[in-house]
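Coordinates as given in input-v7.csv (CSV, N, CA and C atoms):
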```csv
chain,number,residue,atom,x,y,z
A,1237,GLN,N,295.3,23.0,69.7
A,1237,GLN,CA,296.5,23.8,70.1
A,1237,GLN,C,296.9,24.7,68.9
A,1238,VAL,N,297.1,25.9,69.2
A,1238,VAL,CA,297.5,26.9,68.2
A,1238,VAL,C,298.9,27.3,68.4
A,1239,GLN,N,299.7,27.3,67.4
A,1239,GLN,CA,301.1,27.7,67.5
A,1239,GLN,C,301.4,28.7,66.4
A,1240,LEU,N,302.1,29.8,66.8
A,1240,LEU,CA,302.5,30.8,65.8
A,1240,LEU,C,304.0,30.6,65.6
A,1241,VAL,N,304.5,30.6,64.4
A,1241,VAL,CA,305.9,30.3,64.1
A,1241,VAL,C,306.4,31.5,63.2
A,1242,GLU,N,307.4,32.2,63.7
A,1242,GLU,CA,308.0,33.3,63.0
A,1242,GLU,C,309.2,32.7,62.2
A,1243,SER,N,309.5,33.4,61.1
A,1243,SER,CA,310.7,33.1,60.3
A,1243,SER,C,311.1,34.4,59.6
A,1244,GLY,N,312.3,34.4,59.1
A,1244,GLY,CA,312.8,35.5,58.3
A,1244,GLY,C,313.8,36.4,59.0
A,1245,GLY,N,314.1,36.2,60.2
A,1245,GLY,CA,315.0,37.1,60.9
A,1245,GLY,C,316.4,36.8,60.5
A,1246,GLY,N,317.3,37.6,61.0
A,1246,GLY,CA,318.8,37.5,60.6
A,1246,GLY,C,319.5,38.8,60.8
A,1247,LEU,N,320.6,38.9,60.0
A,1247,LEU,CA,321.4,40.1,60.1
A,1247,LEU,C,321.3,40.9,58.9
A,1248,ALA,N,321.2,42.2,59.1
A,1248,ALA,CA,321.1,43.2,58.0
A,1248,ALA,C,322.0,44.4,58.2
A,1249,GLN,N,322.3,45.1,57.2
A,1249,GLN,CA,323.1,46.3,57.4
A,1249,GLN,C,322.1,47.5,57.5
A,1250,ALA,N,322.5,48.5,58.1
A,1250,ALA,CA,321.7,49.7,58.2
A,1250,ALA,C,321.3,50.2,56.8
A,1251,GLY,N,320.0,50.5,56.6
A,1251,GLY,CA,319.5,50.9,55.3
A,1251,GLY,C,319.0,49.7,54.5
A,1252,GLY,N,319.2,48.5,55.0
A,1252,GLY,CA,318.7,47.4,54.3
A,1252,GLY,C,317.3,47.0,54.6
A,1253,SER,N,316.9,45.9,54.0
A,1253,SER,CA,315.5,45.5,54.2
A,1253,SER,C,315.4,44.0,54.6
A,1254,MET,N,314.3,43.6,55.2
A,1254,MET,CA,314.1,42.3,55.7
A,1254,MET,C,312.6,42.1,55.7
A,1255,LYS,N,312.2,40.8,55.5
A,1255,LYS,CA,310.8,40.5,55.6
A,1255,LYS,C,310.6,39.3,56.6
A,1256,LEU,N,309.8,39.5,57.6
A,1256,LEU,CA,309.4,38.5,58.5
A,1256,LEU,C,308.1,37.9,58.2
A,1257,SER,N,308.0,36.6,58.5
A,1257,SER,CA,306.7,35.9,58.2
A,1257,SER,C,306.3,35.2,59.5
A,1258,CYS,N,305.0,35.0,59.6
A,1258,CYS,CA,304.4,34.3,60.8
A,1258,CYS,C,303.3,33.4,60.3
A,1259,THR,N,303.5,32.1,60.5
A,1259,THR,CA,302.4,31.1,60.1
A,1259,THR,C,301.9,30.5,61.3
A,1260,THR,N,300.7,29.9,61.1
A,1260,THR,CA,300.0,29.2,62.2
A,1260,THR,C,300.0,27.7,62.0
A,1261,SER,N,300.4,27.0,63.0
A,1261,SER,CA,300.3,25.5,62.9
A,1261,SER,C,299.3,25.0,63.9
A,1262,GLY,N,298.9,23.8,63.7
A,1262,GLY,CA,297.9,23.2,64.6
A,1262,GLY,C,296.5,23.7,64.2
A,1263,LEU,N,295.7,24.0,65.2
A,1263,LEU,CA,294.3,24.5,64.9
A,1263,LEU,C,294.4,25.8,64.1
A,1264,GLN,N,293.4,26.0,63.3
A,1264,GLN,CA,293.5,27.2,62.4
A,1264,GLN,C,292.3,28.1,62.8
A,1265,PRO,N,292.3,28.8,63.9
A,1265,PRO,CA,291.2,29.7,64.2
A,1265,PRO,C,291.4,31.0,63.5
A,1266,THR,N,290.5,31.9,63.5
A,1266,THR,CA,290.6,33.2,62.9
A,1266,THR,C,290.9,34.2,64.0
A,1267,PHE,N,292.1,34.8,64.0
A,1267,PHE,CA,292.4,35.8,65.0
A,1267,PHE,C,291.7,37.1,64.6
A,1268,ILE,N,291.2,37.8,65.7
A,1268,ILE,CA,290.5,39.0,65.4
A,1268,ILE,C,291.5,40.1,65.2
A,1269,SER,N,292.7,40.0,65.6
A,1269,SER,CA,293.8,40.9,65.3
A,1269,SER,C,295.1,40.1,65.4
A,1270,MET,N,296.1,40.6,64.7
A,1270,MET,CA,297.4,40.1,64.7
A,1270,MET,C,298.4,41.2,64.8
A,1271,ALA,N,299.6,41.0,65.3
A,1271,ALA,CA,300.5,42.1,65.5
A,1271,ALA,C,301.9,41.5,65.5
A,1272,TRP,N,302.8,42.4,65.3
A,1272,TRP,CA,304.3,42.2,65.6
A,1272,TRP,C,304.7,43.0,66.8
A,1273,TYR,N,305.4,42.4,67.7
A,1273,TYR,CA,306.0,43.1,68.8
A,1273,TYR,C,307.5,42.8,68.7
A,1274,ARG,N,308.2,43.6,69.4
A,1274,ARG,CA,309.7,43.4,69.5
A,1274,ARG,C,310.2,43.7,70.9
A,1275,GLN,N,311.3,43.1,71.2
A,1275,GLN,CA,311.9,43.3,72.5
A,1275,GLN,C,313.4,43.3,72.4
A,1276,ALA,N,314.0,44.4,72.7
A,1276,ALA,CA,315.4,44.5,72.7
A,1276,ALA,C,315.9,44.1,74.1
A,1277,SER,N,317.1,43.7,74.2
A,1277,SER,CA,317.6,43.3,75.5
A,1277,SER,C,317.5,44.5,76.5
A,1278,ASP,N,317.1,44.1,77.7
A,1278,ASP,CA,317.0,45.1,78.8
A,1278,ASP,C,315.8,46.0,78.6
A,1279,LEU,N,315.0,45.8,77.6
A,1279,LEU,CA,313.8,46.7,77.4
A,1279,LEU,C,312.5,45.9,77.4
A,1280,GLY,N,311.4,46.6,77.6
A,1280,GLY,CA,310.1,45.9,77.5
A,1280,GLY,C,309.7,45.6,76.1
A,1281,ARG,N,308.7,44.8,76.0
A,1281,ARG,CA,308.2,44.4,74.7
A,1281,ARG,C,307.3,45.5,74.2
A,1282,GLU,N,307.5,45.9,73.0
A,1282,GLU,CA,306.7,47.0,72.4
A,1282,GLU,C,306.0,46.6,71.1
A,1283,MET,N,304.9,47.1,70.9
A,1283,MET,CA,304.1,46.8,69.7
A,1283,MET,C,304.7,47.5,68.5
A,1284,VAL,N,305.0,46.8,67.5
A,1284,VAL,CA,305.6,47.4,66.3
A,1284,VAL,C,304.5,47.7,65.2
A,1285,ALA,N,303.6,46.8,65.0
A,1285,ALA,CA,302.6,46.9,64.0
A,1285,ALA,C,301.5,46.0,64.3
A,1286,LYS,N,300.3,46.5,64.1
A,1286,LYS,CA,299.1,45.7,64.4
A,1286,LYS,C,298.1,45.8,63.2
A,1287,ILE,N,297.4,44.7,62.9
A,1287,ILE,CA,296.5,44.7,61.8
A,1287,ILE,C,295.2,44.0,62.2
A,1288,THR,N,294.1,44.6,61.9
A,1288,THR,CA,292.8,44.0,62.1
A,1288,THR,C,292.0,44.1,60.7
A,1289,ASP,N,290.8,43.7,60.7
A,1289,ASP,CA,290.0,43.8,59.5
A,1289,ASP,C,289.7,45.3,59.2
A,1290,VAL,N,289.9,46.1,60.2
A,1290,VAL,CA,289.4,47.5,60.0
A,1290,VAL,C,290.6,48.5,59.8
A,1291,TYR,N,291.7,48.2,60.5
A,1291,TYR,CA,292.8,49.2,60.5
A,1291,TYR,C,294.1,48.5,60.7
A,1292,THR,N,295.2,49.3,60.4
A,1292,THR,CA,296.5,48.9,60.7
A,1292,THR,C,297.1,50.1,61.6
A,1293,GLN,N,298.0,49.7,62.4
A,1293,GLN,CA,298.6,50.6,63.4
A,1293,GLN,C,300.1,50.4,63.5
A,1294,TYR,N,300.8,51.4,63.6
A,1294,TYR,CA,302.3,51.3,63.7
A,1294,TYR,C,302.8,52.1,64.8
A,1295,ALA,N,303.9,51.6,65.4
A,1295,ALA,CA,304.7,52.4,66.3
A,1295,ALA,C,305.3,53.6,65.6
A,1296,ASP,N,305.4,54.7,66.2
A,1296,ASP,CA,305.9,55.9,65.6
A,1296,ASP,C,307.3,55.7,65.0
A,1297,SER,N,308.1,54.9,65.7
A,1297,SER,CA,309.5,54.7,65.3
A,1297,SER,C,309.6,53.9,64.0
A,1298,VAL,N,308.6,53.2,63.6
A,1298,VAL,CA,308.7,52.4,62.3
A,1298,VAL,C,307.8,53.0,61.3
A,1299,LEU,N,307.0,54.0,61.6
A,1299,LEU,CA,306.0,54.5,60.6
A,1299,LEU,C,306.7,55.0,59.3
A,1300,GLY,N,306.3,54.5,58.2
A,1300,GLY,CA,306.9,54.9,56.9
A,1300,GLY,C,308.0,54.0,56.5
A,1301,ARG,N,308.5,53.1,57.4
A,1301,ARG,CA,309.6,52.2,57.0
A,1301,ARG,C,309.1,50.7,57.1
A,1302,PHE,N,308.2,50.4,57.9
A,1302,PHE,CA,307.7,49.0,58.1
A,1302,PHE,C,306.3,48.9,57.5
A,1303,ARG,N,305.9,47.8,57.0
A,1303,ARG,CA,304.6,47.5,56.5
A,1303,ARG,C,304.1,46.1,57.0
A,1304,VAL,N,303.0,46.1,57.6
A,1304,VAL,CA,302.4,44.8,58.1
A,1304,VAL,C,301.3,44.4,57.1
A,1305,SER,N,301.2,43.1,56.8
A,1305,SER,CA,300.2,42.6,55.9
A,1305,SER,C,299.8,41.2,56.4
A,1306,ARG,N,298.6,40.8,56.0
A,1306,ARG,CA,298.1,39.5,56.4
A,1306,ARG,C,297.4,38.9,55.2
A,1307,GLU,N,297.7,37.6,55.0
A,1307,GLU,CA,297.0,36.9,54.0
A,1307,GLU,C,295.7,36.3,54.6
A,1308,PRO,N,294.7,36.0,53.8
A,1308,PRO,CA,293.5,35.4,54.4
A,1308,PRO,C,293.9,34.2,55.3
A,1309,GLY,N,293.4,34.2,56.4
A,1309,GLY,CA,293.8,33.2,57.4
A,1309,GLY,C,294.7,33.8,58.4
A,1310,ASN,N,295.7,33.1,58.8
A,1310,ASN,CA,296.6,33.6,59.9
A,1310,ASN,C,298.0,33.8,59.5
A,1311,THR,N,298.3,34.0,58.2
A,1311,THR,CA,299.7,34.3,57.8
A,1311,THR,C,300.0,35.8,57.9
A,1312,LEU,N,301.0,36.1,58.6
A,1312,LEU,CA,301.3,37.6,58.9
A,1312,LEU,C,302.7,37.9,58.4
A,1313,TYR,N,302.8,39.1,57.8
A,1313,TYR,CA,304.1,39.5,57.3
A,1313,TYR,C,304.5,40.8,57.9
A,1314,LEU,N,305.8,41.1,58.0
A,1314,LEU,CA,306.3,42.4,58.3
A,1314,LEU,C,307.4,42.7,57.4
A,1315,GLU,N,307.2,43.7,56.5
A,1315,GLU,CA,308.2,44.2,55.6
A,1315,GLU,C,308.9,45.3,56.3
A,1316,MET,N,310.2,45.2,56.4
A,1316,MET,CA,311.0,46.2,57.1
A,1316,MET,C,312.0,46.8,56.1
A,1317,ASN,N,311.9,48.1,56.0
A,1317,ASN,CA,312.8,48.8,55.1
A,1317,ASN,C,313.6,49.9,55.8
A,1318,ASN,N,314.7,50.3,55.2
A,1318,ASN,CA,315.6,51.3,55.8
A,1318,ASN,C,315.8,50.9,57.3
A,1319,LEU,N,316.2,49.7,57.5
A,1319,LEU,CA,316.5,49.2,58.9
A,1319,LEU,C,317.6,50.0,59.5
A,1320,GLN,N,317.5,50.2,60.8
A,1320,GLN,CA,318.4,50.9,61.6
A,1320,GLN,C,318.9,50.1,62.8
A,1321,PRO,N,320.1,50.3,63.3
A,1321,PRO,CA,320.6,49.5,64.4
A,1321,PRO,C,319.6,49.5,65.6
A,1322,GLU,N,318.8,50.5,65.8
A,1322,GLU,CA,317.8,50.5,66.9
A,1322,GLU,C,316.7,49.6,66.6
A,1323,ASP,N,316.6,49.0,65.4
A,1323,ASP,CA,315.5,48.0,65.1
A,1323,ASP,C,316.0,46.6,65.6
A,1324,SER,N,317.2,46.5,66.0
A,1324,SER,CA,317.7,45.2,66.4
A,1324,SER,C,316.9,44.7,67.7
A,1325,ALA,N,316.3,43.6,67.6
A,1325,ALA,CA,315.5,43.0,68.7
A,1325,ALA,C,315.0,41.6,68.3
A,1326,THR,N,314.4,41.0,69.3
A,1326,THR,CA,313.7,39.8,69.0
A,1326,THR,C,312.2,40.2,68.6
A,1327,TYR,N,311.8,39.7,67.5
A,1327,TYR,CA,310.5,40.1,67.0
A,1327,TYR,C,309.5,38.9,67.2
A,1328,TYR,N,308.3,39.2,67.8
A,1328,TYR,CA,307.3,38.2,68.1
A,1328,TYR,C,306.1,38.5,67.3
A,1329,CYS,N,305.5,37.4,66.9
A,1329,CYS,CA,304.2,37.4,66.3
A,1329,CYS,C,303.1,37.2,67.3
A,1330,TYR,N,302.1,37.9,67.2
A,1330,TYR,CA,301.0,37.8,68.2
A,1330,TYR,C,299.6,37.7,67.5
A,1331,GLY,N,298.8,36.9,68.1
A,1331,GLY,CA,297.4,36.8,67.6
A,1331,GLY,C,296.4,36.8,68.7
A,1332,GLN,N,295.4,37.5,68.5
A,1332,GLN,CA,294.3,37.6,69.5
A,1332,GLN,C,293.1,36.9,69.0
A,1333,LEU,N,292.7,35.8,69.7
A,1333,LEU,CA,291.4,35.1,69.4
A,1333,LEU,C,290.2,35.9,69.9
A,1334,TRP,N,290.3,36.3,71.2
A,1334,TRP,CA,289.2,37.0,71.8
A,1334,TRP,C,289.9,37.9,72.9
A,1335,PRO,N,289.2,39.0,73.2
A,1335,PRO,CA,289.7,39.9,74.2
A,1335,PRO,C,289.7,39.2,75.6
A,1336,GLY,N,290.7,39.5,76.4
A,1336,GLY,CA,290.7,39.0,77.7
A,1336,GLY,C,291.5,37.7,77.9
A,1337,ALA,N,291.4,37.1,79.1
A,1337,ALA,CA,292.2,36.0,79.4
A,1337,ALA,C,292.1,34.8,78.5
A,1338,GLY,N,293.2,34.2,78.2
A,1338,GLY,CA,293.2,33.0,77.4
A,1338,GLY,C,293.1,33.2,75.9
A,1339,GLY,N,293.0,34.5,75.4
A,1339,GLY,CA,292.8,34.7,74.0
A,1339,GLY,C,294.1,35.1,73.3
A,1340,ASP,N,295.2,35.2,74.0
A,1340,ASP,CA,296.4,35.7,73.4
A,1340,ASP,C,297.4,34.6,73.1
A,1341,TYR,N,297.9,34.7,71.9
A,1341,TYR,CA,298.9,33.7,71.4
A,1341,TYR,C,300.1,34.4,70.9
A,1342,TRP,N,301.3,33.8,71.3
A,1342,TRP,CA,302.6,34.4,70.9
A,1342,TRP,C,303.4,33.3,70.2
A,1343,GLY,N,304.2,33.8,69.3
A,1343,GLY,CA,305.2,32.9,68.7
A,1343,GLY,C,306.5,32.9,69.6
A,1344,GLN,N,307.5,32.2,69.2
A,1344,GLN,CA,308.7,32.0,70.0
A,1344,GLN,C,309.7,33.1,69.7
A,1345,GLY,N,309.5,33.9,68.7
A,1345,GLY,CA,310.3,35.0,68.4
A,1345,GLY,C,311.4,34.7,67.3
A,1346,THR,N,311.8,35.7,66.6
A,1346,THR,CA,312.9,35.6,65.7
A,1346,THR,C,313.8,36.8,65.8
A,1347,GLN,N,315.1,36.6,65.8
A,1347,GLN,CA,316.0,37.7,66.1
A,1347,GLN,C,316.3,38.5,64.8
A,1348,VAL,N,316.4,39.8,65.0
A,1348,VAL,CA,316.8,40.7,63.9
A,1348,VAL,C,317.9,41.5,64.4
A,1349,ALA,N,319.0,41.5,63.7
A,1349,ALA,CA,320.2,42.3,64.1
A,1349,ALA,C,320.6,43.2,62.9
A,1350,VAL,N,320.7,44.5,63.2
A,1350,VAL,CA,321.1,45.5,62.2
A,1350,VAL,C,322.4,46.1,62.6
A,1351,SER,N,323.4,46.0,61.7
A,1351,SER,CA,324.7,46.5,61.9
A,1351,SER,C,324.8,47.9,61.3
A,1352,SER,N,325.6,48.8,61.9
A,1352,SER,CA,325.7,50.1,61.4
A,1352,SER,C,326.9,50.2,60.3
```

Encoded form (structure tokens):
Amino acid sequence: QVQLVESGGGLAQAGGSMKLSCTTSGLQPTFISMAWYRQASDLGREMVAKITDVYTQYADSVLGRFRVSREPGNTLYLEMNNLQPEDSATYYCYGQLWPGAGGDYWGQGTQVAVSS
């Protein structure tokens, strides 16, 4: 069983910074990609940042402010700078073991709230 566990969420002021972490418990497979998604209330889940062995990818809304990194293995980070109220959401860690059914793993989410 593979479990992803996020930490580091909380409350920040606009313009502030926060760092999210995601660790893997249980089995330790090697994900072919990992990512951070977020979901604000009443909105769909959107990809914030993705990292593979080849590239990183960011949503336009966070480009230049957020940075995703990954330690060898399955520890994932998201450094968030110049936070804005619109960044408030539940942030989810995602790992892909293989493309297609059964290869997707999600954490339980950590809440980030940014006050103006």

Non-local contacts of A:Pro1265 (8 Å; all atoms listed in the file; under 5 positions in same chain excluded) as a list in words: Gln1237, Val1238, Thr1260, Gly1309, Asn1310 and Leu1333 of chain A

Computed interatomic separation between atom CA of A:Gly1251 and atom N of A:Ser1297 (Å): 15.9 Å

Gap from atom CA of A:Gly1244 to atom C of A:Thr1288 - Å, one decimal: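 Those two atoms sit 22.6 Å apart.
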
Shell around A:Gly1331 at 5 Å using all atoms listed in the file, local window under 2 positions removed, as a PyMOL selection string: chain A and resi 1269-1270+1329+1333+1340-1341

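The space separating atom CA of A:Asp1289 from atom C of A:Phe1267 comes to 8.6 Å.
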
Neighbour list for stretch 1314-1328 of chain A as a ChimeraX atom specification, cut-off 6 Å, all atoms listed in the file, skip fewer than 5 positions in-chain: /A:1249-1257,1271-1277,1301-1305,1343-1352

Residue among A:Ala1337, A:Leu1312, A:Trp1342, A:Arg1306 lying closest to A:Leu1240, counting only C-alpha atoms: A:Trp1342

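Proximity to A:Val1241 was assessed for A:Pro1308, A:Gly1280, A:Pro1335, A:Gly1262 counting only C-alpha atoms; the smallest distance is recorded for A:Gly1262.
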
Residue list (strand (DSSP E or B), DSSP) for chain A, as a PyMOL selection string: chain A and resi 1238-1243+1246-1249+1254-1262+1269-1275+1282-1288+1292-1294+1302-1306+1312-1316+1325-1332+1340-1342+1346-1351

For A:Asp1296, please output as a short mmCIF file (atom, residue, chain, number, x, y, z; two decimals) with N, CA and C atoms, in the coordinates of the input all residues within 8 Å (counting only N, CA and C atoms; exclusion window: fewer than 3 positions along the same chain).
```cif
data_model
loop_
_atom_site.label_atom_id
_atom_site.label_comp_id
_atom_site.auth_asym_id
_atom_site.auth_seq_id
_atom_site.Cartn_x
_atom_site.Cartn_y
_atom_site.Cartn_z
N MET A 1283 304.90 47.10 70.90
CA MET A 1283 304.10 46.80 69.70
C MET A 1283 304.70 47.50 68.50
N VAL A 1284 305.00 46.80 67.50
CA VAL A 1284 305.60 47.40 66.30
C VAL A 1284 304.50 47.70 65.20
N GLN A 1293 298.00 49.70 62.40
CA GLN A 1293 298.60 50.60 63.40
C GLN A 1293 300.10 50.40 63.50
N LEU A 1299 307.00 54.00 61.60
CA LEU A 1299 306.00 54.50 60.60
C LEU A 1299 306.70 55.00 59.30
N GLY A 1300 306.30 54.50 58.20
CA GLY A 1300 306.90 54.90 56.90
C GLY A 1300 308.00 54.00 56.50
#
```

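Minimum distance to A:Glu1242 across A:Cys1258, A:Leu1263, A:Gln1332, A:Glu1282 (counting only C-alpha atoms) occurs at A:Cys1258.
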